[in-house]
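Before any comments, here is the structure.
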Amino acid sequence: MEFATVVLLVGAGVAAGLSGSIAGLASLFSYPALLAVGLPATTANVTNTVALTLSSVGSTLGSRPELVGQAPVLRRYALLALVGGASGAGLLLLTPPGTFERIVPVLVGGAAIVLLLQPWIRGRIDPTTRASGPAVAAGILAVTVYGGYFGAAAGVLMLALLLVGLPVTLLQGNAIKNVLLGLANAVAAVGFAVLADVQWWAVAPLAVGLFVGSFAGPAVARRVPTAALRTGIGLAGLGLAVALAIEAW
């Protein structure tokens with residue numbers, strides 16, 4: 001592996017780790033970087049998922065202050081996240097090549113719009129019905145299935161869902177998102193490691209960068225105004241949706 005390739009993957013990993021732990025958009029950097037070094041789309045996807053396991057570890061460790069008091073929420077949804085991640089990975093392995101790339105831009109764009117409209121949406125929801133319920137559980141299962149299937153901007157979807165459905169702040173929702181998607185990603189990564197064409201030479205440098213970036217991400221998020229952070233996440237999601245649509249079509 002050439003030195004320039006290592007530098008590209010480590011750098012993309014740091015950027016992806018920062019973006020993923022703050023905004024749920026790790027694949028905005030990591031997935032295109034894997035395509036840039038010559039991996040086919042599906043191979044890049046499974047390789048990216050395996051590498052992202054270290055991003056989840058780093059972001060969870062960095063989010064410990066925001067996770068204080070959130071144990072009941074995590075216990076309630078952890079099993080759903082594991083089932084969703086495993087189901088999504090199985091679905092990817094059974095899906096004809098090329099299908100998922102055409103679906104992703106719509107999901108990403110929709111998630112970004114929901115996140116941008118989140119204050120307006122929450123303002124019109126009765127606080128007594130905002131707490132967790134069947135709709136939130138179903139949404140978490142659906143998002144983690146998507147996360148195991150492809151994962152690009154699954155964090156945007158999850159964060160939008162948590163902010164609308166649970167009485168949490170943006171930083172708390174971000175921390176819960178990191179844990180739940182980390183569980184889904186981990187179980188999907190195990191399946192891909194056993195059954196898919198993971199390119200381990202690319203996993204190593206990307207994972208190193210992901211861990212560094214994701215560990216630093218929550219500390220960066222604490223210093224960014226909430227409104228600016230939400231807007232940045234939403235606009236980045238729209239940009240990713242356009243990029244993925246151009247690539248897919």
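Labeling convention for the structure tokens: chains A, B, ... as they appear, residues from 1 per chain, ligands from 1 in order of appearance.
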
Handout entry: Within 10 Å of Leu195 in chain A using only C-alpha atoms, minus same-chain residues under 6 positions, as a PyMOL selection string
Key = chain A and resi 89-90+93+189

Practice task
Please provide the set of residues having any atom within 7 Å of range 61-75 of chain A, restricted to only C-alpha atoms, with same-chain residues fewer than 4 positions apart removed, written as an MDAnalysis selection string.
Solution key: chainID A and resid 57 171:172 175:176 215:216 218:219

Problem - Polymer residues at most 7 Å from range 160-163 of chain A, only C-alpha atoms, same-chain spacing of 6 or more positions, as JSON, numbers by chain - result: {"A": [111, 114, 115, 170, 173]}

Exercise for the section: Would you please give, as a PyMOL selection string, all residues of range 26-231 of chain A that DSSP assigns to helix (DSSP H, G or I) based on the backbone? Expected result: chain A and resi 27-36+41-62+64-67+71-94+99-116+118-123+127-129+134-149+154-165+170-195+200-221+226-231

Problem - Residues near Leu39 in chain A, cut-off 9 Å, only C-alpha atoms, skip fewer than 5 positions along chain, as a PyMOL selection string - result: chain A and resi 34+44+199

Restricting the output to N, CA, C and O atoms, write the selected residues as a CSV table (one decimal), in the first residue's frame.
```
chain,number,residue,atom,x,y,z
A,34,LEU,N,-12.8,5.4,0.4
A,34,LEU,CA,-12.6,4.1,0.0
A,34,LEU,C,-12.9,3.9,-1.5
A,34,LEU,O,-12.2,3.1,-2.2
A,44,ALA,N,-16.5,-1.3,-0.7
A,44,ALA,CA,-16.2,-0.1,0.1
A,44,ALA,C,-17.2,0.0,1.3
A,44,ALA,O,-16.8,0.4,2.4
A,199,GLN,N,-11.8,-5.5,2.9
A,199,GLN,CA,-10.4,-5.2,2.5
A,199,GLN,C,-9.7,-4.7,3.7
A,199,GLN,O,-9.7,-3.5,4.1
```

Practice task
Grab the CA of Leu54 in chain A to CA of Val208 in chain A distance for me, in Å with one decimal place.
Solution key: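 Going from CA of Leu54 in chain A over to CA of Val208 in chain A, I get 7.6 Å.
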
Handout entry: Residue nearest Val203 in chain A - candidates A:Asn185, A:Ser55, A:Ser30, A:Thr47, atoms counted: only C-alpha atoms
Key =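 Smallest separation from Val203 in chain A among the options: A:Thr47.
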
Practice task
Just give me the gap between CA of Gly148 in chain A and CA of Ala188 in chain A in Å, one decimal is fine.
Solution key: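 Taking CA of Gly148 in chain A and CA of Ala188 in chain A, their separation equals 5.3 Å.
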
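Closest approach to Leu18 in chain A among A:Asn178, A:Thr231, A:Thr43, A:Thr49: A:Asn178, based on only C-alpha atoms.
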
Exercise for the section: Do a neighbour search on Tyr146 in chain A at 8 Å with only C-alpha atoms, toss out local chain neighbours closer than 5 positions, and write the hits as a list of chain:residue names. Expected result: A:Gly84, A:Gly85, A:Gly88, A:Gly151, A:Ala154

Handout entry: Option closest in space to Ile22 in chain A, from A:Lys177, A:Leu244, A:Ala138, A:Leu117 [counting only C-alpha atoms]
Key = A:Lys177
